[in-house]
file query-v7.cif (mmCIF, C-alpha atoms)
data_protein
loop_
_atom_site.group_PDB
_atom_site.id
_atom_site.type_symbol
_atom_site.label_atom_id
_atom_site.label_comp_id
_atom_site.auth_asym_id
_atom_site.auth_seq_id
_atom_site.Cartn_x
_atom_site.Cartn_y
_atom_site.Cartn_z
ATOM 1 C CA MET A 1 0.000 0.000 0.000
ATOM 2 C CA ALA A 2 1.405 3.429 -0.948
ATOM 3 C CA ASP A 3 2.348 5.891 1.797
ATOM 4 C CA THR A 4 -0.267 8.505 2.466
ATOM 5 C CA TYR A 5 0.620 12.023 1.431
ATOM 6 C CA LYS A 6 1.892 14.292 4.233
ATOM 7 C CA PRO A 7 1.665 18.062 3.783
ATOM 8 C CA PRO A 8 4.967 20.007 4.122
ATOM 9 C CA TYR A 9 4.040 21.403 7.542
ATOM 10 C CA GLN A 10 3.525 17.865 8.883
ATOM 11 C CA LYS A 11 6.968 16.877 7.593
ATOM 12 C CA ARG A 12 8.471 19.864 9.382
ATOM 13 C CA LEU A 13 6.701 18.833 12.602
ATOM 14 C CA LEU A 14 8.069 15.297 12.280
ATOM 15 C CA LEU A 15 11.588 16.644 11.719
ATOM 16 C CA SER A 16 11.312 18.963 14.723
ATOM 17 C CA SER A 17 10.055 16.079 16.836
ATOM 18 C CA SER A 18 13.030 13.927 15.774
ATOM 19 C CA LEU A 19 15.500 16.701 16.661
ATOM 20 C CA PHE A 20 13.793 17.215 20.022
ATOM 21 C CA ASN A 21 14.007 13.471 20.784
ATOM 22 C CA LEU A 22 17.702 13.512 19.816
ATOM 23 C CA GLN A 23 18.354 16.429 22.190
ATOM 24 C CA GLN A 24 16.488 14.639 24.960
ATOM 25 C CA CYS A 25 18.582 11.496 24.420
ATOM 26 C CA CYS A 26 21.826 13.516 24.538
ATOM 27 C CA HIS A 27 20.631 15.245 27.713
ATOM 28 C CA ALA A 28 19.743 11.905 29.304
ATOM 29 C CA SER A 29 23.151 10.502 28.324
ATOM 30 C CA SER A 30 24.880 13.526 29.839
ATOM 31 C CA ASN A 31 22.880 13.140 33.062
ATOM 32 C CA THR A 32 23.834 9.474 33.234
ATOM 33 C CA ARG A 33 27.530 10.292 32.880
ATOM 34 C CA TRP A 34 27.192 13.000 35.558
ATOM 35 C CA VAL A 35 25.491 10.611 38.006
ATOM 36 C CA THR A 36 28.117 7.919 37.379
ATOM 37 C CA ARG A 37 30.944 10.388 37.944
ATOM 38 C CA GLN A 38 29.355 11.729 41.138
ATOM 39 C CA LYS A 39 29.055 8.242 42.621
ATOM 40 C CA SER A 40 32.810 7.682 42.317
ATOM 41 C CA ASP A 41 33.880 11.241 43.242
ATOM 42 C CA ARG A 42 35.403 11.316 46.739
ATOM 43 C CA PHE A 43 34.526 14.982 47.251
ATOM 44 C CA ALA A 44 30.904 14.389 46.233
ATOM 45 C CA ILE A 45 30.746 11.438 48.636
ATOM 46 C CA GLU A 46 32.329 13.450 51.458
ATOM 47 C CA ALA A 47 29.938 16.353 50.838
ATOM 48 C CA LYS A 48 27.007 13.984 51.246
ATOM 49 C CA VAL A 49 28.476 12.527 54.441
ATOM 50 C CA GLN A 50 29.009 16.010 55.932
ATOM 51 C CA ASN A 51 25.565 17.198 54.795
ATOM 52 C CA LEU A 52 27.041 19.894 52.555
ATOM 53 C CA LYS A 53 24.999 21.321 49.699
ATOM 54 C CA SER A 54 27.512 20.218 47.048
ATOM 55 C CA ARG A 55 31.135 19.206 46.497
ATOM 56 C CA ALA A 56 31.920 22.850 45.629
ATOM 57 C CA ALA A 57 32.120 23.501 49.380
ATOM 58 C CA PHE A 58 35.582 21.923 49.410
ATOM 59 C CA LYS A 59 36.863 24.459 46.860
ATOM 60 C CA LEU A 60 36.201 27.325 49.256
ATOM 61 C CA LEU A 61 37.447 25.301 52.238
ATOM 62 C CA GLN A 62 40.741 24.598 50.472
ATOM 63 C CA ILE A 63 41.147 28.243 49.405
ATOM 64 C CA ASN A 64 40.454 29.367 52.967
ATOM 65 C CA ASP A 65 42.874 26.822 54.437
ATOM 66 C CA ARG A 66 45.625 28.432 52.376
ATOM 67 C CA TYR A 67 44.809 32.130 52.701
ATOM 68 C CA ARG A 68 42.657 32.400 55.879
ATOM 69 C CA ILE A 69 40.252 34.901 54.326
ATOM 70 C CA LEU A 70 37.221 34.017 56.507
ATOM 71 C CA ARG A 71 37.231 34.796 60.238
ATOM 72 C CA PRO A 72 34.568 35.158 62.970
ATOM 73 C CA GLY A 73 32.567 38.391 62.854
ATOM 74 C CA MET A 74 33.068 39.120 59.158
ATOM 75 C CA THR A 75 30.440 40.300 56.668
ATOM 76 C CA VAL A 76 30.450 38.147 53.523
ATOM 77 C CA ILE A 77 28.568 38.472 50.227
ATOM 78 C CA ASP A 78 28.228 35.287 48.138
ATOM 79 C CA LEU A 79 27.334 36.021 44.500
ATOM 80 C CA GLY A 80 25.690 33.173 42.600
ATOM 81 C CA PHE A 81 25.291 31.219 45.821
ATOM 82 C CA ALA A 82 22.948 28.410 44.625
ATOM 83 C CA PRO A 83 22.820 25.658 45.746
ATOM 84 C CA GLY A 84 24.398 27.227 48.850
ATOM 85 C CA SER A 85 27.570 25.273 49.593
ATOM 86 C CA TRP A 86 29.881 28.315 49.708
ATOM 87 C CA SER A 87 27.443 30.210 51.944
ATOM 88 C CA GLN A 88 27.202 27.120 54.126
ATOM 89 C CA VAL A 89 30.978 27.100 54.607
ATOM 90 C CA ALA A 90 31.158 30.884 55.057
ATOM 91 C CA ILE A 91 28.492 31.152 57.774
ATOM 92 C CA ASP A 92 30.169 28.363 59.715
ATOM 93 C CA LEU A 93 33.552 30.150 59.597
ATOM 94 C CA VAL A 94 32.297 33.672 60.409
ATOM 95 C CA ARG A 95 30.004 32.170 63.080
ATOM 96 C CA PRO A 96 26.239 32.722 62.992
ATOM 97 C CA GLY A 97 25.266 35.815 64.941
ATOM 98 C CA LEU A 98 28.784 37.216 65.149
ATOM 99 C CA GLY A 99 29.278 37.391 61.397
ATOM 100 C CA ARG A 100 26.775 37.508 58.569
ATOM 101 C CA VAL A 101 26.509 36.072 55.071
ATOM 102 C CA VAL A 102 24.264 37.341 52.280
ATOM 103 C CA GLY A 103 23.734 35.129 49.237
ATOM 104 C CA VAL A 104 22.457 36.480 45.914
ATOM 105 C CA ASP A 105 21.192 34.374 43.025
ATOM 106 C CA VAL A 106 18.850 34.758 40.088
ATOM 107 C CA ILE A 107 17.109 31.441 40.779
ATOM 108 C CA PRO A 108 14.917 30.618 43.787
ATOM 109 C CA VAL A 109 16.808 28.570 46.371
ATOM 110 C CA GLN A 110 16.467 28.004 50.105
ATOM 111 C CA PRO A 111 19.550 29.564 51.765
ATOM 112 C CA PRO A 112 21.450 27.548 54.384
ATOM 113 C CA LYS A 113 20.557 28.156 58.018
ATOM 114 C CA GLY A 114 21.834 31.513 59.220
ATOM 115 C CA VAL A 115 22.333 32.902 55.692
ATOM 116 C CA ASN A 116 20.336 35.831 54.293
ATOM 117 C CA GLY A 117 19.180 35.103 50.734
ATOM 118 C CA ILE A 118 18.241 37.614 48.039
ATOM 119 C CA GLN A 119 16.697 36.393 44.789
ATOM 120 C CA GLY A 120 17.521 38.652 41.881
ATOM 121 C CA ASP A 121 19.791 39.174 38.919
ATOM 122 C CA PHE A 122 23.053 40.481 40.367
ATOM 123 C CA LEU A 123 23.766 42.289 37.083
ATOM 124 C CA SER A 124 20.708 44.449 37.824
ATOM 125 C CA LEU A 125 21.451 47.727 39.604
ATOM 126 C CA ASP A 126 18.198 47.312 41.549
ATOM 127 C CA THR A 127 19.413 44.004 42.999
ATOM 128 C CA GLN A 128 22.769 45.519 43.940
ATOM 129 C CA GLU A 129 20.999 48.375 45.715
ATOM 130 C CA ARG A 130 18.879 45.851 47.665
ATOM 131 C CA VAL A 131 22.108 44.231 48.860
ATOM 132 C CA ARG A 132 23.554 47.603 49.894
ATOM 133 C CA GLU A 133 20.401 48.562 51.775
ATOM 134 C CA LEU A 134 20.513 45.327 53.743
ATOM 135 C CA LEU A 135 24.189 45.621 54.636
ATOM 136 C CA ARG A 136 24.095 49.314 55.589
ATOM 137 C CA ASP A 137 22.349 48.227 58.769
ATOM 138 C CA GLU A 138 25.224 46.918 60.880
ATOM 139 C CA ASN A 139 22.850 44.692 62.869
ATOM 140 C CA ALA A 140 21.028 43.152 59.885
ATOM 141 C CA GLY A 141 21.712 39.435 59.772
ATOM 142 C CA ARG A 142 23.317 39.366 63.221
ATOM 143 C CA ALA A 143 21.927 38.285 66.581
ATOM 144 C CA ARG A 144 21.896 40.734 69.507
ATOM 145 C CA LYS A 145 25.105 40.652 71.537
ATOM 146 C CA THR A 146 23.268 39.662 74.701
ATOM 147 C CA ALA A 147 21.891 36.608 72.895
ATOM 148 C CA LEU A 148 25.407 35.373 72.166
ATOM 149 C CA LEU A 149 26.513 34.876 75.785
ATOM 150 C CA SER A 150 25.847 31.149 75.638
ATOM 151 C CA GLU A 151 27.946 30.858 72.456
ATOM 152 C CA ALA A 152 30.924 32.862 73.723
ATOM 153 C CA GLU A 153 34.353 31.332 73.686
ATOM 154 C CA PRO A 154 35.731 30.377 77.143
ATOM 155 C CA GLY A 155 37.330 33.382 78.844
ATOM 156 C CA VAL A 156 35.803 35.915 76.437
ATOM 157 C CA VAL A 157 33.575 38.541 78.064
ATOM 158 C CA GLN A 158 30.755 39.763 75.849
ATOM 159 C CA GLN A 159 30.149 43.506 75.723
ATOM 160 C CA GLU A 160 26.750 44.501 77.099
ATOM 161 C CA GLU A 161 24.420 46.679 75.091
ATOM 162 C CA ALA A 162 24.929 50.383 75.837
ATOM 163 C CA SER A 163 22.300 52.093 77.968
ATOM 164 C CA TYR A 164 20.107 54.940 76.691
ATOM 165 C CA ILE A 165 22.172 57.522 78.639
ATOM 166 C CA ASP A 166 25.434 56.138 77.252
ATOM 167 C CA ARG A 167 24.094 56.290 73.698
ATOM 168 C CA GLU A 168 22.914 59.904 74.170
ATOM 169 C CA ARG A 169 26.267 60.904 75.660
ATOM 170 C CA ALA A 170 28.157 59.294 72.762
ATOM 171 C CA ALA A 171 25.898 60.990 70.204
ATOM 172 C CA THR A 172 26.394 64.473 71.665
ATOM 173 C CA SER A 173 30.169 64.043 71.905
ATOM 174 C CA ASP A 174 30.668 63.128 68.254
ATOM 175 C CA ASP A 175 32.390 65.631 66.032
ATOM 176 C CA GLU A 176 30.408 67.167 63.192
ATOM 177 C CA GLY A 177 32.760 65.487 60.739
ATOM 178 C CA LYS A 178 31.832 62.047 62.086
ATOM 179 C CA LYS A 179 28.140 62.815 61.754
ATOM 180 C CA ALA A 180 28.596 63.726 58.078
ATOM 181 C CA GLU A 181 29.368 60.153 57.076
ATOM 182 C CA THR A 182 29.329 59.743 53.320
ATOM 183 C CA ASP A 183 27.383 57.101 51.378
ATOM 184 C CA GLU A 184 30.654 55.797 49.985
ATOM 185 C CA HIS A 185 31.991 55.111 53.469
ATOM 186 C CA ARG A 186 28.740 53.465 54.608
ATOM 187 C CA ASP A 187 28.651 51.199 51.563
ATOM 188 C CA ARG A 188 32.116 49.824 52.238
ATOM 189 C CA CYS A 189 30.942 47.380 54.869
ATOM 190 C CA ILE A 190 31.874 43.999 53.326
ATOM 191 C CA ASP A 191 34.905 42.003 54.459
ATOM 192 C CA VAL A 192 34.837 39.310 51.765
ATOM 193 C CA VAL A 193 33.255 39.173 48.298
ATOM 194 C CA LEU A 194 32.816 35.638 46.958
ATOM 195 C CA SER A 195 31.730 34.986 43.366
ATOM 196 C CA ASP A 196 31.006 31.484 42.122
ATOM 197 C CA MET A 197 28.691 32.846 39.430
ATOM 198 C CA SER A 198 27.924 31.017 36.193
ATOM 199 C CA ALA A 199 25.465 31.855 33.433
ATOM 200 C CA PRO A 200 22.150 29.966 33.841
ATOM 201 C CA TRP A 201 20.854 27.412 31.382
ATOM 202 C CA GLU A 202 18.176 28.612 29.008
ATOM 203 C CA ILE A 203 15.264 26.377 30.048
ATOM 204 C CA THR A 204 13.232 25.199 27.037
ATOM 205 C CA SER A 205 11.542 22.035 28.280
ATOM 206 C CA GLY A 206 10.443 20.181 31.386
ATOM 207 C CA LEU A 207 8.855 23.248 32.927
ATOM 208 C CA TRP A 208 6.190 21.104 34.584
ATOM 209 C CA LYS A 209 8.725 19.059 36.596
ATOM 210 C CA ARG A 210 9.083 19.900 40.277
ATOM 211 C CA SER A 211 12.730 18.781 40.082
ATOM 212 C CA LEU A 212 13.419 21.892 38.010
ATOM 213 C CA SER A 213 13.885 23.823 41.251
ATOM 214 C CA ASN A 214 17.012 21.758 41.850
ATOM 215 C CA PRO A 215 19.913 24.078 40.895
ATOM 216 C CA TYR A 216 21.848 21.132 39.418
ATOM 217 C CA TYR A 217 19.290 21.061 36.599
ATOM 218 C CA ARG A 218 19.213 24.813 36.119
ATOM 219 C CA MET A 219 22.768 26.084 36.371
ATOM 220 C CA MET A 220 25.502 25.297 33.895
ATOM 221 C CA ASN A 221 28.875 23.788 34.610
ATOM 222 C CA THR A 222 30.243 24.472 31.136
ATOM 223 C CA SER A 223 28.490 24.806 27.791
ATOM 224 C CA GLY A 224 31.105 22.842 25.873
ATOM 225 C CA ASN A 225 32.234 25.967 24.033
ATOM 226 C CA ARG A 226 35.465 27.075 25.729
ATOM 227 C CA PHE A 227 35.457 30.569 24.239
ATOM 228 C CA LYS A 228 31.859 31.155 25.328
ATOM 229 C CA ASP A 229 32.508 29.865 28.843
ATOM 230 C CA HIS A 230 35.658 31.981 29.188
ATOM 231 C CA ALA A 231 34.118 35.190 27.847
ATOM 232 C CA GLY A 232 30.992 34.772 29.986
ATOM 233 C CA SER A 233 33.005 34.138 33.138
ATOM 234 C CA MET A 234 35.158 37.224 32.526
ATOM 235 C CA ASP A 235 32.043 39.399 32.238
ATOM 236 C CA LEU A 236 30.751 38.044 35.543
ATOM 237 C CA CYS A 237 34.152 38.522 37.217
ATOM 238 C CA ARG A 238 34.275 42.165 36.120
ATOM 239 C CA SER A 239 30.744 42.749 37.426
ATOM 240 C CA ALA A 240 31.747 41.267 40.781
ATOM 241 C CA LEU A 241 34.867 43.464 40.853
ATOM 242 C CA TYR A 242 32.835 46.627 40.147
ATOM 243 C CA PHE A 243 30.610 45.730 43.084
ATOM 244 C CA ALA A 244 33.631 44.959 45.275
ATOM 245 C CA TYR A 245 35.190 48.330 44.440
ATOM 246 C CA ASP A 246 32.132 50.111 45.878
ATOM 247 C CA THR A 247 31.463 47.869 48.882
ATOM 248 C CA LEU A 248 34.657 46.109 50.009
ATOM 249 C CA LYS A 249 36.442 47.413 53.104
ATOM 250 C CA VAL A 250 40.111 48.360 53.065
ATOM 251 C CA GLY A 251 41.914 45.102 53.863
ATOM 252 C CA GLY A 252 38.988 43.027 52.534
ATOM 253 C CA HIS A 253 39.353 39.982 50.280
ATOM 254 C CA PHE A 254 37.936 38.907 46.907
ATOM 255 C CA VAL A 255 37.455 35.428 45.400
ATOM 256 C CA CYS A 256 35.974 34.766 41.961
ATOM 257 C CA LYS A 257 35.637 31.775 39.674
ATOM 258 C CA PHE A 258 36.684 32.043 36.040
ATOM 259 C CA TYR A 259 37.272 29.785 33.055
ATOM 260 C CA GLN A 260 40.813 30.140 31.756
ATOM 261 C CA GLY A 261 41.428 31.873 28.441
ATOM 262 C CA ALA A 262 42.910 34.839 26.613
ATOM 263 C CA GLU A 263 41.345 37.554 28.798
ATOM 264 C CA ASP A 264 42.273 36.316 32.276
ATOM 265 C CA LYS A 265 45.721 37.997 32.307
ATOM 266 C CA ALA A 266 44.124 41.400 31.695
ATOM 267 C CA PHE A 267 41.694 40.782 34.544
ATOM 268 C CA GLU A 268 44.546 39.689 36.810
ATOM 269 C CA LYS A 269 46.218 43.039 36.082
ATOM 270 C CA GLN A 270 43.021 44.822 37.180
ATOM 271 C CA LEU A 271 43.031 42.878 40.431
ATOM 272 C CA LYS A 272 46.679 43.762 41.108
ATOM 273 C CA ALA A 273 45.759 47.445 40.915
ATOM 274 C CA MET A 274 43.254 46.953 43.744
ATOM 275 C CA PHE A 275 44.713 44.281 46.064
ATOM 276 C CA HIS A 276 47.969 43.839 47.952
ATOM 277 C CA LYS A 277 48.451 40.331 46.548
ATOM 278 C CA VAL A 278 46.655 38.337 43.838
ATOM 279 C CA HIS A 279 46.805 34.564 43.430
ATOM 280 C CA ARG A 280 45.509 32.034 40.918
ATOM 281 C CA GLU A 281 44.137 28.907 42.540
ATOM 282 C CA LYS A 282 43.147 25.489 41.230
ATOM 283 C CA PRO A 283 41.883 23.660 44.341
ATOM 284 C CA GLU A 284 42.347 19.912 44.548
ATOM 285 C CA SER A 285 38.554 19.502 44.552
ATOM 286 C CA SER A 286 38.287 21.280 41.171
ATOM 287 C CA ARG A 287 38.281 18.570 38.500
ATOM 288 C CA SER A 288 41.556 18.387 36.583
ATOM 289 C CA GLU A 289 39.832 18.262 33.194
ATOM 290 C CA SER A 290 37.918 21.479 33.915
ATOM 291 C CA LYS A 291 39.218 24.892 32.761
ATOM 292 C CA GLU A 292 37.800 26.312 35.988
ATOM 293 C CA ALA A 293 40.129 28.265 38.277
ATOM 294 C CA PHE A 294 39.871 31.010 40.910
ATOM 295 C CA PHE A 295 41.388 34.425 41.462
ATOM 296 C CA VAL A 296 42.058 35.335 45.098
ATOM 297 C CA GLY A 297 42.622 39.011 45.898
ATOM 298 C CA ILE A 298 44.166 39.520 49.337
ATOM 299 C CA LYS A 299 43.751 42.811 51.261
ATOM 300 C CA ARG A 300 42.154 45.660 49.372
ATOM 301 C CA LEU A 301 44.508 48.623 49.160
ATOM 302 C CA ALA A 302 43.656 51.847 51.006
ATOM 303 C CA LYS A 303 44.197 54.015 47.947
ATOM 304 C CA VAL A 304 42.934 52.563 44.673
ATOM 305 C CA ASP A 305 42.996 54.378 41.347
ATOM 306 C CA LYS A 306 39.660 53.517 39.734
ATOM 307 C CA ASN A 307 41.003 54.366 36.274
ATOM 308 C CA ALA A 308 43.865 51.915 36.778
ATOM 309 C CA VAL A 309 41.458 49.152 37.784
ATOM 310 C CA PHE A 310 38.733 49.658 35.189
ATOM 311 C CA ASP A 311 40.549 51.706 32.522
ATOM 312 C CA GLU A 312 37.931 54.448 32.589
ATOM 313 C CA SER A 313 40.311 57.265 31.689
ATOM 314 C CA SER A 314 39.191 57.364 28.071
#

call {"tool": "encode", "arguments": {"input": "query-v7.cif", "output": "structure tokens"}}
result
Amino acid sequence: MADTYKPPYQKRLLLSSSLFNLQQCCHASSNTRWVTRQKSDRFAIEAKVQNLKSRAAFKLLQINDRYRILRPGMTVIDLGFAPGSWSQVAIDLVRPGLGRVVGVDVIPVQPPKGVNGIQGDFLSLDTQERVRELLRDENAGRARKTALLSEAEPGVVQQEEASYIDRERAATSDDEGKKAETDEHRDRCIDVVLSDMSAPWEITSGLWKRSLSNPYYRMMNTSGNRFKDHAGSMDLCRSALYFAYDTLKVGGHFVCKFYQGAEDKAFEKQLKAMFHKVHREKPESSRSESKEAFFVGIKRLAKVDKNAVFDESS
């Protein structure tokens, strides 16, 4: 029996369906390889044992073991914090209540206990202003000092909250210059800027699945195109550095992930104009086959030439 005639639009639909099925098969194959690799990965296994959000936690732990950038009482901003492993490490090291951690990500994710989460696109100026507004309040994200007595280290006496009379006396004794605190000074309230940002996947299917909220299915590792991954990571690193310039304290630290390529030397030069020392790091927990690496900027300089950092003289 002869095949029935199919109009051109039906043929196009059949071709589109075949391509879609091929993409789904490739995606399933990739997921299978990822699951197999995770099962034999010692860092992934250890992360599960220690109840960490992901194996990425060990990257920050290993960087901190070498440079000691996180200490109790610090204020930390974690850019691109989903699924939360870096924030989880950071809040443990700065100590909940004494220090504070704010995580920012474009996707909805439950922040680890003790971490303040902000959902929004960090590249948006509105989102950056929301972060600044939160951090301008020195007490936001911290417990009251009197509530920390039970958590104090042995031999350490906690300072009691000042009385109303003491606060009034201190206010009247301040110089006029101290009262006229500038916005620039108030914004520089962050001790450490962490950036583990990556560009999100463009979601085209599976929107009905509840598992879509899992960041592993929504955030990219790499796209497979080295130039694209490198260029995208450099853009995100520069955005994080712009933010750090406005908000990082003198003596503060900066850590950002990047994918190695032609532009990373120029970015390293920018960092050297802003920090006392700059290091490239490839933690043991970062897979050897990955082009992923990290820049670590140690101690922001007191006097920084913005034109030297961002080449804005032209």

call {"tool": "residues_around", "arguments": {"input": "query-v7.cif", "residues": "A:Arg132", "least_positions_apart": "4", "cutoff": "9 Å", "atoms": "all atoms listed in the file", "output": "ChimeraX atom specification"}}
result
/A:127-128,136-137,187,189,247

call {"tool": "closest_residue", "arguments": {"input": "query-v7.cif", "among": "A:Arg226, A:Lys282, A:His276, A:Lys59", "to": "A:Trp86", "atoms": "all atoms listed in the file"}}
result
A:Lys59

call {"tool": "atom_distance", "arguments": {"input": "query-v7.cif", "atom1": "atom CA of A:Leu61", "atom2": "atom CA of A:Asp235"}}
result
25.1 Å

call {"tool": "atom_distance", "arguments": {"input": "query-v7.cif", "atom1": "atom CA of A:Asn116", "atom2": "atom CA of A:Gly232"}}
result
26.6 Å

call {"tool": "atom_distance", "arguments": {"input": "query-v7.cif", "atom1": "atom CA of A:Val115", "atom2": "atom CA of A:Met234"}}
result
26.8 Å

call {"tool": "residues_around", "arguments": {"input": "query-v7.cif", "residues": "A:Asp311", "least_positions_apart": "3", "cutoff": "12 Å", "atoms": "only C-alpha atoms", "output": "number ranges by chain"}}
result
A: 238, 242, 266-267, 269-270, 273, 305-308, 314

call {"tool": "closest_residue", "arguments": {"input": "query-v7.cif", "among": "A:Lys291, A:His230, A:Leu93, A:Arg42", "to": "A:Asn64", "atoms": "all atoms listed in the file"}}
result
A:Leu93

call {"tool": "closest_residue", "arguments": {"input": "query-v7.cif", "among": "A:Leu52, A:Val104, A:Val309, A:Ala244", "to": "A:Ser85", "atoms": "only C-alpha atoms"}}
result
A:Leu52
